[in-house]
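Novice: What follows is final.txt; its format and atoms are compact mmCIF, C-alpha atoms.
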```
# COMPACT_ATOMS: atom_id res chain seq x y z
CA MET S 28 200.90 -183.53 92.00
CA ARG S 29 199.81 -187.11 92.63
CA LEU S 30 196.15 -188.03 93.08
CA ARG S 31 194.53 -191.34 93.90
CA LEU S 32 191.15 -191.73 92.19
CA THR S 33 188.42 -194.35 92.06
CA VAL S 34 187.05 -194.47 88.52
CA ALA S 35 183.81 -196.30 87.68
CA VAL S 36 183.33 -197.47 84.09
CA PRO S 37 179.63 -198.22 83.41
CA ALA S 38 178.89 -201.42 81.53
CA PRO S 39 176.42 -201.57 78.64
CA THR S 40 172.94 -202.56 79.78
CA GLY S 41 172.06 -204.46 76.63
CA ASP S 42 168.48 -205.48 76.13
CA ARG S 43 167.92 -207.32 79.39
CA PRO S 44 167.66 -205.77 82.85
CA PRO S 45 169.11 -205.53 85.40
CA ALA S 46 172.04 -203.38 84.35
CA PRO S 47 175.49 -204.80 85.16
CA ALA S 48 177.43 -203.16 87.95
CA PRO S 49 180.11 -200.69 86.81
CA ALA S 50 183.73 -201.78 86.82
CA LEU S 51 185.82 -199.98 89.45
CA HIS S 52 189.44 -198.99 88.86
CA GLU S 53 191.86 -197.56 91.40
CA VAL S 54 194.08 -195.11 89.52
CA GLU S 55 197.09 -193.01 90.51
CA VAL S 56 197.43 -189.82 88.49
CA ASP S 57 200.51 -187.64 88.16
CA ALA S 58 199.26 -184.22 87.05
CA ILE S 59 201.16 -181.07 86.25
CA PRO S 60 199.97 -177.83 87.88
CA GLY S 61 197.12 -176.28 85.92
CA ALA S 62 195.97 -179.51 84.26
CA ALA S 63 192.26 -179.49 83.41
CA ALA S 64 189.53 -182.11 83.46
CA ARG S 65 189.72 -182.53 79.66
CA ASP S 66 193.35 -183.62 80.06
CA LEU S 67 192.35 -186.13 82.71
CA VAL S 68 189.55 -187.46 80.45
CA ASP S 69 192.02 -188.10 77.61
CA ALA S 70 194.50 -189.78 79.95
CA LEU S 71 191.85 -192.05 81.50
CA ALA S 72 190.46 -193.03 78.08
CA LYS S 73 193.94 -194.04 76.95
CA HIS S 74 194.90 -195.81 80.18
CA LEU S 75 191.65 -197.76 80.63
CA GLY S 76 191.03 -198.34 76.94
CA VAL S 77 187.41 -197.18 77.07
CA PRO S 78 185.54 -194.35 75.35
CA CYS S 79 185.44 -191.33 77.65
CA VAL S 80 184.02 -187.93 76.78
CA ALA S 81 183.43 -186.53 80.30
CA LEU S 82 183.48 -187.33 84.00
CA ARG S 83 180.84 -187.22 86.68
CA SER S 84 181.47 -186.62 90.37
CA ARG S 85 178.61 -187.87 92.52
CA GLN S 86 175.54 -186.68 90.56
CA THR S 87 177.16 -183.73 88.76
CA ALA S 88 179.05 -183.64 85.47
CA VAL S 89 182.57 -182.22 85.82
CA ARG S 90 183.22 -179.16 83.66
CA PRO S 91 185.97 -179.70 81.03
CA ASP S 92 187.90 -176.69 82.34
CA ALA S 93 187.80 -177.82 86.00
CA VAL S 94 191.31 -177.72 87.47
CA VAL S 95 192.83 -180.99 88.60
CA GLY S 96 193.65 -180.66 92.28
CA LEU S 97 190.60 -178.55 93.08
CA ALA S 98 187.17 -179.86 94.00
CA PRO S 99 185.82 -182.16 92.75
CA LEU S 100 189.06 -183.47 91.16
CA VAL S 101 190.90 -183.96 94.43
CA ASP S 102 192.83 -186.80 96.00
CA GLY S 103 190.52 -189.70 96.88
CA ALA S 104 187.69 -188.57 94.59
CA ALA S 105 185.25 -191.12 93.14
CA LEU S 106 184.51 -190.40 89.47
CA THR S 107 182.28 -192.02 86.87
CA ILE S 108 183.14 -192.07 83.19
CA ILE S 109 180.49 -190.64 80.87
CA ASP S 110 180.55 -192.22 77.44
CA ARG S 111 178.07 -192.34 74.61
CA ARG S 112 178.16 -196.01 73.77
CA PRO S 113 174.76 -197.53 72.89
CA GLY S 114 173.15 -199.11 75.91
CA THR S 115 174.96 -196.91 78.42
CA GLU S 116 172.72 -194.67 80.53
CA PRO S 117 174.97 -192.33 82.52
CA ASP S 118 172.50 -189.47 82.71
CA SER S 119 169.41 -190.84 84.41
CA PRO S 120 166.92 -188.30 85.77
CA ALA S 121 168.05 -189.10 89.30
CA ALA S 122 171.66 -188.37 88.45
CA THR S 123 171.53 -185.24 86.30
CA ARG S 124 169.65 -183.00 88.70
CA ASP S 125 171.84 -182.20 91.64
CA GLY S 126 171.28 -179.74 94.42
CA THR S 127 167.73 -180.78 95.24
CA PRO S 128 166.75 -179.94 98.84
CA LEU S 129 165.46 -183.46 99.56
CA VAL S 130 166.95 -186.90 99.04
CA LEU S 131 165.88 -190.49 99.57
CA ALA S 132 168.55 -191.99 101.81
CA VAL S 133 169.04 -195.77 101.72
CA THR S 134 169.73 -196.48 105.39
CA HIS S 135 169.67 -200.31 105.31
CA GLY S 136 169.87 -202.99 102.67
CA PRO S 137 172.24 -203.97 99.85
CA ASP S 138 172.42 -200.34 98.64
CA ALA S 139 172.92 -198.83 102.11
CA GLY S 140 174.67 -195.48 101.91
CA ARG S 141 173.12 -194.38 98.65
CA ARG S 142 171.36 -191.00 98.49
CA VAL S 143 168.93 -190.36 95.64
CA PRO S 144 168.07 -186.71 94.86
CA LEU S 145 164.35 -186.00 94.48
CA PRO S 146 163.73 -183.61 91.60
CA ALA S 147 160.21 -182.60 90.61
CA GLY S 148 158.47 -185.41 88.78
CA ARG S 149 158.19 -189.17 89.13
CA LEU S 150 160.87 -191.68 90.12
CA THR S 151 160.38 -195.43 89.93
CA LEU S 152 162.23 -197.82 92.22
CA GLY S 153 162.91 -201.50 91.63
CA ARG S 154 165.53 -204.10 90.80
CA SER S 155 165.04 -203.83 87.05
CA GLY S 156 167.11 -201.67 84.74
CA ARG S 157 163.83 -200.07 83.63
CA ALA S 158 163.50 -198.42 87.05
CA VAL S 159 164.88 -194.91 87.34
CA VAL S 160 166.43 -195.89 90.67
CA GLN S 161 167.71 -199.46 90.46
CA LEU S 162 168.26 -201.20 93.81
CA GLU S 163 170.20 -204.46 94.24
CA ASP S 164 167.58 -206.02 96.52
CA ALA S 165 166.44 -209.51 95.51
CA ARG S 166 163.16 -209.09 97.42
CA LEU S 167 162.10 -206.15 95.31
CA SER S 168 159.90 -206.43 92.25
CA ARG S 169 161.19 -205.25 88.89
CA LEU S 170 159.16 -202.06 89.30
CA HIS S 171 158.36 -201.87 93.00
CA ALA S 172 157.41 -198.31 93.95
CA ALA S 173 156.95 -194.82 92.55
CA VAL S 174 157.82 -191.55 94.29
CA GLU S 175 156.10 -188.43 92.96
CA THR S 176 157.35 -184.94 93.83
CA GLY S 177 154.99 -182.11 93.02
CA PRO S 178 153.32 -178.94 94.32
CA ASP S 179 151.27 -180.96 96.83
CA GLY S 180 154.34 -182.57 98.39
CA ILE S 181 155.98 -185.96 98.03
CA ARG S 182 153.93 -189.13 97.67
CA ILE S 183 154.78 -192.80 97.37
CA ALA S 184 152.72 -195.60 95.83
CA ASP S 185 153.04 -199.35 95.30
CA LEU S 186 153.34 -200.46 91.66
CA GLY S 187 151.82 -203.87 92.32
CA SER S 188 154.88 -205.35 94.01
CA THR S 189 155.00 -208.85 95.45
CA ASN S 190 156.30 -208.00 98.93
CA GLY S 191 154.60 -204.62 99.33
CA ILE S 192 155.65 -201.37 100.98
CA ARG S 193 155.35 -200.27 104.59
CA LEU S 194 155.38 -196.62 105.55
CA GLY S 195 156.03 -196.52 109.27
CA HIS S 196 153.48 -199.00 110.65
CA ARG S 197 150.99 -198.97 107.79
CA GLN S 198 150.81 -200.69 104.44
CA VAL S 199 151.02 -198.61 101.25
CA GLY S 200 148.71 -199.47 98.36
CA VAL S 201 148.44 -198.38 94.75
CA GLU S 202 146.97 -195.04 95.83
CA PRO S 203 149.77 -192.52 96.55
CA VAL S 204 150.18 -191.55 100.21
CA PRO S 205 152.15 -188.59 101.61
CA LEU S 206 155.81 -189.18 102.43
CA THR S 207 157.13 -186.94 105.20
CA SER S 208 160.68 -186.25 106.35
CA GLY S 209 162.01 -188.77 108.84
CA THR S 210 159.47 -191.50 108.05
CA VAL S 211 161.01 -194.91 107.34
CA VAL S 212 159.90 -196.68 104.16
CA ALA S 213 160.40 -200.46 104.15
CA LEU S 214 160.42 -202.34 100.84
CA GLY S 215 161.99 -205.77 100.70
CA ASP S 216 165.20 -205.74 102.73
CA THR S 217 165.73 -202.05 101.96
CA ARG S 218 164.94 -199.13 104.24
CA LEU S 219 164.56 -195.64 102.85
CA GLU S 220 164.15 -192.31 104.60
CA LEU S 221 163.27 -188.89 103.23
CA ARG S 222 165.88 -186.37 104.37
CA ALA S 223 166.77 -182.74 103.80
CA THR S 224 170.15 -181.72 102.44
CA GLY S 225 172.18 -178.72 103.50
CA ALA S 226 174.16 -179.93 106.52
CA VAL S 227 176.73 -177.57 108.02
CA PRO S 228 179.91 -177.97 105.91
CA ALA S 229 183.28 -178.67 107.41
CA ALA S 230 185.77 -175.82 107.64
CA SER S 231 188.24 -176.88 104.95
CA THR S 232 190.63 -175.36 102.44
CA ALA S 233 192.08 -176.77 99.22
CA ARG S 234 195.81 -177.42 99.12
CA PRO S 235 198.13 -177.37 96.09
CA ASP S 236 198.66 -181.14 96.20
CA GLY S 237 194.97 -181.85 95.53
CA THR S 238 194.04 -182.64 99.12
CA ARG S 239 191.97 -180.58 101.54
CA ALA S 240 192.93 -179.41 105.02
CA VAL S 241 190.05 -179.81 107.49
CA ASN S 242 189.72 -177.82 110.69
CA ARG S 243 187.67 -179.96 113.04
CA ARG S 244 184.87 -178.23 114.86
CA PRO S 245 185.06 -178.41 118.68
CA ARG S 246 182.71 -181.00 120.06
CA ALA S 247 180.73 -179.85 123.05
CA ALA S 248 180.09 -182.39 125.78
CA THR S 249 176.40 -183.24 125.95
CA THR S 250 176.41 -185.96 128.59
CA THR S 251 173.39 -185.62 130.84
CA ALA S 252 171.93 -187.92 133.44
CA PRO S 253 169.01 -189.96 132.08
CA PRO S 254 165.67 -188.73 133.41
CA ALA S 255 163.84 -190.64 136.11
CA ILE S 256 160.06 -190.40 135.92
CA ALA S 257 157.98 -191.61 138.85
CA LEU S 258 154.47 -192.80 138.15
CA PRO S 259 151.88 -191.61 140.69
CA ALA S 260 150.56 -194.08 143.23
CA PRO S 261 146.85 -194.96 142.92
CA PRO S 262 144.59 -193.61 145.69
CA GLU S 263 143.68 -195.82 148.59
CA PRO S 264 140.10 -197.11 148.36
CA PRO S 265 137.75 -195.60 150.97
CA HIS S 266 137.09 -197.44 154.20
CA ARG S 267 133.46 -198.48 154.40
CA ALA S 268 131.79 -196.59 157.22
CA ARG S 269 130.01 -198.90 159.66
CA ILE S 270 126.42 -198.14 160.59
CA PRO S 271 126.16 -197.70 164.40
CA TRP S 272 123.40 -200.23 165.00
CA VAL S 273 123.94 -200.37 168.76
CA ALA S 274 123.78 -196.60 169.18
CA MET S 275 120.64 -196.57 167.07
CA ALA S 276 118.96 -199.34 169.03
CA VAL S 277 119.69 -198.15 172.62
CA PRO S 278 117.24 -195.19 172.62
CA ILE S 279 114.33 -197.35 171.47
CA PRO S 280 113.55 -199.17 174.79
CA VAL S 281 114.08 -195.95 176.74
CA ALA S 282 111.67 -194.17 174.40
CA ALA S 283 109.12 -196.94 174.91
CA VAL S 284 109.18 -196.48 178.72
CA LEU S 285 108.86 -192.69 178.40
CA ALA S 286 106.03 -193.08 175.93
CA ALA S 287 104.13 -195.27 178.43
CA PHE S 288 104.25 -192.48 181.08
CA LEU S 289 104.34 -189.29 179.01
CA GLY S 290 102.44 -190.28 175.90
CA PRO S 291 103.27 -191.45 172.38
CA THR S 292 104.80 -188.08 171.46
CA MET S 293 107.99 -188.99 173.29
CA LEU S 294 108.26 -192.14 171.17
CA ALA S 295 108.39 -190.03 168.00
CA PHE S 296 111.16 -187.83 169.45
CA ALA S 297 113.11 -190.92 170.53
CA LEU S 298 113.00 -192.43 167.03
CA MET S 299 114.62 -189.34 165.50
CA SER S 300 118.02 -190.17 167.01
CA PRO S 301 118.43 -193.53 165.18
CA LEU S 302 117.25 -191.93 161.96
CA LEU S 303 119.83 -189.14 162.27
CA LEU S 304 122.59 -191.67 162.95
CA ALA S 305 121.58 -193.77 159.92
CA GLY S 306 121.42 -190.70 157.70
CA THR S 307 124.86 -189.57 158.83
CA ALA S 308 126.35 -193.02 158.09
CA VAL S 309 124.79 -193.19 154.61
CA GLY S 310 125.96 -189.64 153.86
CA ASP S 311 129.51 -190.50 154.91
CA ARG S 312 129.51 -193.51 152.59
CA LEU S 313 128.26 -191.52 149.61
CA GLY S 314 130.71 -188.69 150.31
CA SER S 315 133.70 -191.02 150.55
CA ARG S 316 132.73 -192.65 147.25
CA ARG S 317 132.55 -189.27 145.53
CA GLU S 318 135.93 -188.28 146.96
CA TYR S 319 137.42 -191.60 145.83
CA ALA S 320 136.03 -191.13 142.32
CA ALA S 321 137.57 -187.63 142.19
CA ARG S 322 140.93 -188.98 143.39
CA LEU S 323 140.76 -191.74 140.76
CA ALA S 324 140.11 -189.17 138.03
CA GLU S 325 143.01 -187.03 139.22
CA HIS S 326 145.25 -190.11 139.34
CA ALA S 327 144.27 -191.04 135.78
CA ARG S 328 145.18 -187.53 134.59
CA SER S 329 148.52 -187.46 136.38
CA HIS S 330 149.30 -191.04 135.32
CA GLY S 331 148.57 -190.19 131.68
CA ALA S 332 150.76 -187.08 131.92
CA ALA S 333 153.61 -189.16 133.40
CA LEU S 334 153.30 -191.76 130.63
CA ALA S 335 153.38 -188.93 128.08
CA ARG S 336 156.62 -187.68 129.65
CA VAL S 337 158.05 -191.21 129.45
CA GLU S 338 157.08 -191.48 125.78
CA ALA S 339 158.59 -188.06 124.99
CA ALA S 340 161.81 -188.92 126.87
CA CYS S 341 162.11 -192.25 125.02
CA ALA S 342 161.52 -190.54 121.66
CA ALA S 343 164.18 -187.94 122.48
CA GLU S 344 166.63 -190.66 123.51
CA ARG S 345 165.96 -192.60 120.31
CA ARG S 346 166.65 -189.49 118.21
CA SER S 347 169.83 -188.91 120.21
CA ARG S 348 171.02 -192.48 119.61
CA LEU S 349 170.29 -192.27 115.88
CA HIS S 350 172.23 -189.01 115.68
CA ALA S 351 175.17 -190.36 117.70
CA GLN S 352 175.45 -193.50 115.52
CA PRO S 353 174.74 -192.36 111.94
CA ASP S 354 173.55 -194.90 109.37
CA PRO S 355 175.56 -195.65 106.20
CA ALA S 356 173.79 -192.95 104.17
CA GLU S 357 174.62 -190.30 106.77
CA VAL S 358 178.22 -191.53 107.12
CA LEU S 359 178.71 -191.22 103.37
CA ALA S 360 177.14 -187.74 103.39
CA ILE S 361 179.52 -186.66 106.17
CA ALA S 362 182.51 -187.91 104.20
CA THR S 363 181.55 -186.59 100.78
CA GLY S 364 180.31 -183.21 101.96
CA PRO S 365 182.37 -183.02 103.96
CA THR S 366 180.17 -181.84 106.80
CA ALA S 367 181.13 -180.47 110.20
CA ARG S 368 180.74 -183.94 111.75
CA LEU S 369 183.82 -185.24 109.94
CA TRP S 370 186.29 -186.71 112.50
CA GLU S 371 184.14 -185.50 115.39
CA ARG S 372 185.26 -188.23 117.82
CA ARG S 373 188.45 -188.07 119.82
CA SER S 374 190.22 -190.93 121.56
CA ALA S 375 189.07 -189.69 124.98
CA ASP S 376 185.38 -189.53 124.03
CA ASP S 377 182.96 -192.04 125.47
CA ASP S 378 181.88 -193.13 121.99
CA ALA S 379 185.41 -193.59 120.64
CA LEU S 380 185.68 -196.86 118.67
CA VAL S 381 181.95 -197.52 119.12
CA VAL S 382 180.40 -198.73 115.86
CA SER S 383 176.88 -199.75 114.95
CA LEU S 384 175.62 -202.76 113.02
CA GLY S 385 172.02 -202.35 111.94
CA THR S 386 169.21 -201.69 114.39
CA CYS S 387 167.75 -203.58 117.31
CA THR S 388 165.51 -203.20 120.35
CA ALA S 389 167.44 -202.07 123.42
CA PRO S 390 166.49 -200.87 126.93
CA ALA S 391 166.29 -197.11 127.29
CA ALA S 392 168.38 -195.15 129.74
CA VAL S 393 165.15 -193.47 130.84
CA ARG S 394 164.12 -194.76 134.25
CA VAL S 395 160.49 -195.38 135.13
CA ILE S 396 159.75 -195.75 138.83
CA ARG S 397 156.48 -197.49 139.56
CA PRO S 398 154.77 -197.17 142.93
CA GLN S 399 154.43 -200.05 145.36
CA VAL S 400 157.26 -201.91 143.61
CA ASP S 401 160.85 -202.56 144.66
CA ASP S 402 163.38 -199.77 144.27
CA SER S 403 164.79 -201.08 140.96
CA PRO S 404 163.65 -198.74 138.14
CA GLU S 405 162.14 -199.99 134.89
CA HIS S 406 163.80 -199.22 131.55
CA PRO S 407 161.32 -199.13 128.64
CA PRO S 408 162.39 -200.83 125.39
CA LEU S 409 163.48 -198.66 122.46
CA ALA S 410 162.72 -200.13 119.03
CA ASP S 411 164.83 -199.58 115.90
CA VAL S 412 167.84 -198.01 117.60
CA PRO S 413 171.45 -198.59 116.48
CA CYS S 414 172.95 -201.86 117.67
CA THR S 415 176.32 -200.71 118.98
CA VAL S 416 179.56 -202.64 119.50
CA PRO S 417 182.41 -201.11 121.59
CA LEU S 418 185.51 -202.27 119.72
CA ALA S 419 187.79 -201.18 122.56
CA GLU S 420 186.07 -203.76 124.80
CA VAL S 421 185.50 -206.66 122.38
CA GLY S 422 188.98 -206.35 120.86
CA VAL S 423 188.26 -208.34 117.69
CA LEU S 424 184.98 -208.22 115.77
CA GLY S 425 184.37 -210.89 113.17
CA VAL S 426 181.82 -210.59 110.36
CA CYS S 427 180.51 -213.81 108.84
CA GLY S 428 177.77 -214.71 106.39
CA HIS S 429 177.18 -214.47 102.66
CA ARG S 430 180.16 -212.75 101.07
CA THR S 431 178.17 -209.86 99.57
CA GLN S 432 176.44 -209.09 102.86
CA ALA S 433 179.60 -209.60 104.94
CA VAL S 434 181.63 -207.28 102.70
CA GLY S 435 178.87 -204.67 102.92
CA ALA S 436 178.84 -204.88 106.71
CA ALA S 437 182.64 -204.64 106.87
CA ARG S 438 182.58 -201.65 104.51
CA ASN S 439 180.05 -199.96 106.79
CA LEU S 440 182.24 -200.57 109.86
CA LEU S 441 185.37 -199.23 108.16
CA GLY S 442 183.43 -196.20 106.96
CA GLN S 443 182.35 -195.34 110.50
CA LEU S 444 185.88 -195.69 111.81
CA ALA S 445 187.42 -193.61 109.03
CA VAL S 446 184.77 -190.87 108.90
CA LEU S 447 183.80 -190.37 112.53
CA HIS S 448 187.17 -190.87 114.21
CA SER S 449 189.98 -188.38 113.91
CA PRO S 450 193.21 -189.70 112.37
CA LEU S 451 195.15 -187.73 115.01
```
Before we go any further, please render this structure as structure tokens.
Specialist:
Amino acid sequence: MRLRLTVAVPAPTGDRPPAPAPALHEVEVDAIPGAAARDLVDALAKHLGVPCVALRSRQTAVRPDAVVGLAPLVDGAALTIIDRRPGTEPDSPAATRDGTPLVLAVTHGPDAGRRVPLPAGRLTLGRSGRAVVQLEDARLSRLHAAVETGPDGIRIADLGSTNGIRLGHRQVGVEPVPLTSGTVVALGDTRLELRATGAVPAASTARPDGTRAVNRRPRAATTTAPPAIALPAPPEPPHRARIPWVAMAVPIPVAAVLAAFLGPTMLAFALMSPLLLAGTAVGDRLGSRREYAARLAEHARSHGAALARVEAACAAERRSRLHAQPDPAEVLAIATGPTARLWERRSADDDALVVSLGTCTAPAAVRVIRPQVDDSPEHPPLADVPCTVPLAEVGVLGVCGHRTQAVGAARNLLGQLAVLHSPL
């Protein structure tokens, strides 16, 4: 049985932070059936020339009696050597407690793709080796933030950093504030998000050669027409009723003649007609104003309800786009689970060979139709949605910039292609 493994050898931290990055080795192993992890440990120690007493897969130590060829010692596995040399810290609190229901996912930044389990207690984040969770972000302070997990929930606080922390749209101070699932935490160039674990696993079975056979889950078509929401037209202002001055004035001379022959009583009766006409005109004006005010209030309610529908539709579309184009942390979780989303895209799908590079502001598919405007609908902007690139259309996609950042972006692109797209 032949296995291809990626083995990380941690370097001694010494007395000065930050800790050096581990050395990575690509190793091919020929194992006899029934070989155990202890045999692999001895072989790796001899081949790499480093002390090795155990192995760690992801955040869990591999049992010495684990069978080579079965999870987690399978073809393509990434393993970390555990040694006991002074200055080596293989068993940090964030790494020894696996299976926690919540993780901090690094969605953007130099460490994009990393998922940090959140056990009960306090985790510090920063670029120093003294931080429990060390991040390779130059804009972070040595000890930047602290995340506390306790009976009252999860809270985050600033540890006096230079560039601060933003939780959603507000600034985080030294006083801990609640951290809820789905909220984006921005510190330096890094973006974190609190997420729950426990995704639906892929239907897979172990094979004798150390690989796993995966049965892809059918992908239901979810294409729907984007909603079109029409905003109500404002009510027409009332027409100002004209006072009938002529009709009011005509009876006056007639009443004067009748009063001269029949007495002044007729003059009083004659004056009642203009007064009635004036009263009717004033009443019509007041009534039309009240009706207009009622129509304005109804329009405000219906307009607010329509805007709420637009906001809800845009929020739903943003969630749909984020789900359709997973970030590096989610892509890695799909691959290492593996989850049921592994190889979900087929060549005939609309999103085949569509990859994302970071986030951007893009027009929504939601259509907003405003009254008294031309027939072209308005598409509201969606902030922080995946910036997608259809490789089938562009043909060649080049990545340029600082080598570290360019390699990270290229790794992200290759990860999306390998994880989301079926090899068949």
Novice: Just want the 9 Å neighbourhood of Val381 (chain S), counted on only C-alpha atoms, with same-chain residues fewer than 2 positions away dropped. Output as a ChimeraX atom specification.
Specialist: /S:352,377-379,383,415-419,443-444
Novice: Which residues come within 10 Å of Pro413 (chain S), counting all atoms listed in the file, excluding same-chain residues fewer than 6 positions away, as a VMD selection string?
Specialist: chain S and resid 345 348 to 354 382 to 389
Novice: I'd like the interatomic distance between CA of Arg65 (chain S) and CA of Val94 (chain S), to a tenth of an Å.
Specialist: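 We find that CA of Arg65 (chain S) and CA of Val94 (chain S) lie 9.3 Å from each other.
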Novice: Compare S:Pro146, S:Leu323, S:Leu152, S:Ala105 by their minimum atom-to-atom distance to Pro178 (chain S), counting only C-alpha atoms, and give me the closest one.
Specialist: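 Between S:Pro146, S:Leu323, S:Leu152, S:Ala105, the residue approaching Pro178 (chain S) most closely is S:Pro146.
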Novice: Please indicate the distance in Å from CA of Glu175 (chain S) to CA of Pro137 (chain S), rounded to one decimal place.
Specialist: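 That distance, rounded to one decimal, is 23.4 Å.
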